[in-house]
Amino acid sequence: METIHHTHSDHHYHPPNYQKSGWFQKMFNPLRGLIDGIEVRNYHLAHIICQVIPCCCPFERNVNLFGRTLHIPALCKLNPVYDELVAMRFRALSFLADERGEDVTKYIC
């Protein structure tokens, strides 16, 4: 597996939507910063993160009701720290694959 090299100079790079507007979203900025600050450098922690945080939204599904199919969209984006959790999961996968040389396909959907 190829190693990914970050070209951005800031260690804790955040995507453009990191500073979300609105008082409800801003209320979660300290928690977002805490989650983003977690460095995955432990084998056991990386596995726990990959097992606990799903690779895709578990709520999205199609439901058949009275002969019609209703699509329930992914609700995970309603979680105010969703992006940070996904980023932490990615850091854990990268640690396991790049630094530990493990096969992480069991954690990929």
# chains A, B, ... in the order shown; residues from 1 in each chain; ligands from 1

$ residues_around --residues "Arg89 (chain A)" --least-positions-apart "3" --cutoff "10 Å" --atoms "only C-alpha atoms" --output "NGL selection string"
:A and (40 or 46-55 or 83-86 or 92-95 or 107)

$ residues_around --residues "region 21-34 of chain A" --least-positions-apart "3" --cutoff "7 Å" --atoms "only C-alpha atoms" --output "PyMOL selection string"
chain A and resi 37-38+80-81+84

$ atom_distance --atom1 "CA of Asp98 (chain A)" --atom2 "CA of Glu39 (chain A)"
14.5 Å

$ select_by_dssp --residues "chain A" --states "helix (DSSP H, G or I)" --output "ChimeraX atom specification"
/A:16-18,23-26,29-36,43-52,76-78,82-99,105-107

$ select_by_dssp --residues "region 40-100 of chain A" --states "strand (DSSP E or B)" --output "list of chain:residue names"
A:Arg61, A:Asn62, A:Val63, A:Asn64, A:Leu65, A:Arg68, A:Thr69, A:Leu70, A:His71, A:Ile72

$ write_last_selection --atoms "C-alpha atoms" --output "short mmCIF file (atom, residue, chain, number, x, y, z; two decimals), in the first residue's frame"
data_model
loop_
_atom_site.label_atom_id
_atom_site.label_comp_id
_atom_site.auth_asym_id
_atom_site.auth_seq_id
_atom_site.Cartn_x
_atom_site.Cartn_y
_atom_site.Cartn_z
CA ARG A 61 -31.26 1.94 4.10
CA ASN A 62 -34.18 1.14 1.85
CA VAL A 63 -37.42 0.11 3.52
CA ASN A 64 -40.23 -1.66 1.70
CA LEU A 65 -43.59 -0.49 2.97
CA ARG A 68 -43.22 0.93 -2.10
CA THR A 69 -39.54 1.40 -1.42
CA LEU A 70 -38.69 4.28 0.89
CA HIS A 71 -35.10 5.44 1.06
CA ILE A 72 -33.89 6.60 4.47
#

$ closest_residue --among "A:Pro58, A:Met88, A:Ile35, A:Thr105" --to "Ala74 (chain A)" --atoms "only C-alpha atoms"
A:Pro58

$ closest_residue --among "A:Cys57, A:Ile108, A:Leu96, A:Ala87" --to "Arg41 (chain A)" --atoms "only C-alpha atoms"
A:Leu96

$ residues_around --residues "Leu75 (chain A)" --least-positions-apart "3" --cutoff "7 Å" --atoms "only C-alpha atoms" --output "ChimeraX atom specification"
/A:59-60,78

$ write_last_selection --atoms "all heavy atoms" --output "mmCIF file, in the first residue's frame"
data_model
loop_
_atom_site.group_PDB
_atom_site.id
_atom_site.type_symbol
_atom_site.label_atom_id
_atom_site.label_comp_id
_atom_site.auth_asym_id
_atom_site.auth_seq_id
_atom_site.Cartn_x
_atom_site.Cartn_y
_atom_site.Cartn_z
ATOM 1 N N PHE A 59 -27.428 3.951 9.409
ATOM 2 C CA PHE A 59 -28.848 4.288 9.374
ATOM 3 C C PHE A 59 -29.411 4.348 7.961
ATOM 4 O O PHE A 59 -30.616 4.260 7.770
ATOM 5 C CB PHE A 59 -29.090 5.632 10.069
ATOM 6 C CG PHE A 59 -28.623 5.624 11.491
ATOM 7 C CD1 PHE A 59 -27.510 6.347 11.867
ATOM 8 C CD2 PHE A 59 -29.278 4.869 12.447
ATOM 9 C CE1 PHE A 59 -27.065 6.335 13.175
ATOM 10 C CE2 PHE A 59 -28.839 4.845 13.757
ATOM 11 C CZ PHE A 59 -27.735 5.579 14.119
ATOM 12 N N GLU A 60 -28.556 4.522 6.960
ATOM 13 C CA GLU A 60 -29.026 4.619 5.584
ATOM 14 C C GLU A 60 -29.507 3.248 5.115
ATOM 15 O O GLU A 60 -28.806 2.251 5.237
ATOM 16 C CB GLU A 60 -27.923 5.130 4.662
ATOM 17 C CG GLU A 60 -28.393 5.303 3.246
ATOM 18 C CD GLU A 60 -27.321 5.880 2.353
ATOM 19 O OE1 GLU A 60 -26.127 5.769 2.680
ATOM 20 O OE2 GLU A 60 -27.689 6.437 1.319
ATOM 21 N N LEU A 78 -25.939 14.443 10.520
ATOM 22 C CA LEU A 78 -26.602 15.238 11.551
ATOM 23 C C LEU A 78 -25.769 15.296 12.828
ATOM 24 O O LEU A 78 -25.977 16.165 13.662
ATOM 25 C CB LEU A 78 -27.982 14.659 11.868
ATOM 26 C CG LEU A 78 -28.990 14.673 10.724
ATOM 27 C CD1 LEU A 78 -30.272 13.994 11.166
ATOM 28 C CD2 LEU A 78 -29.248 16.081 10.237
#
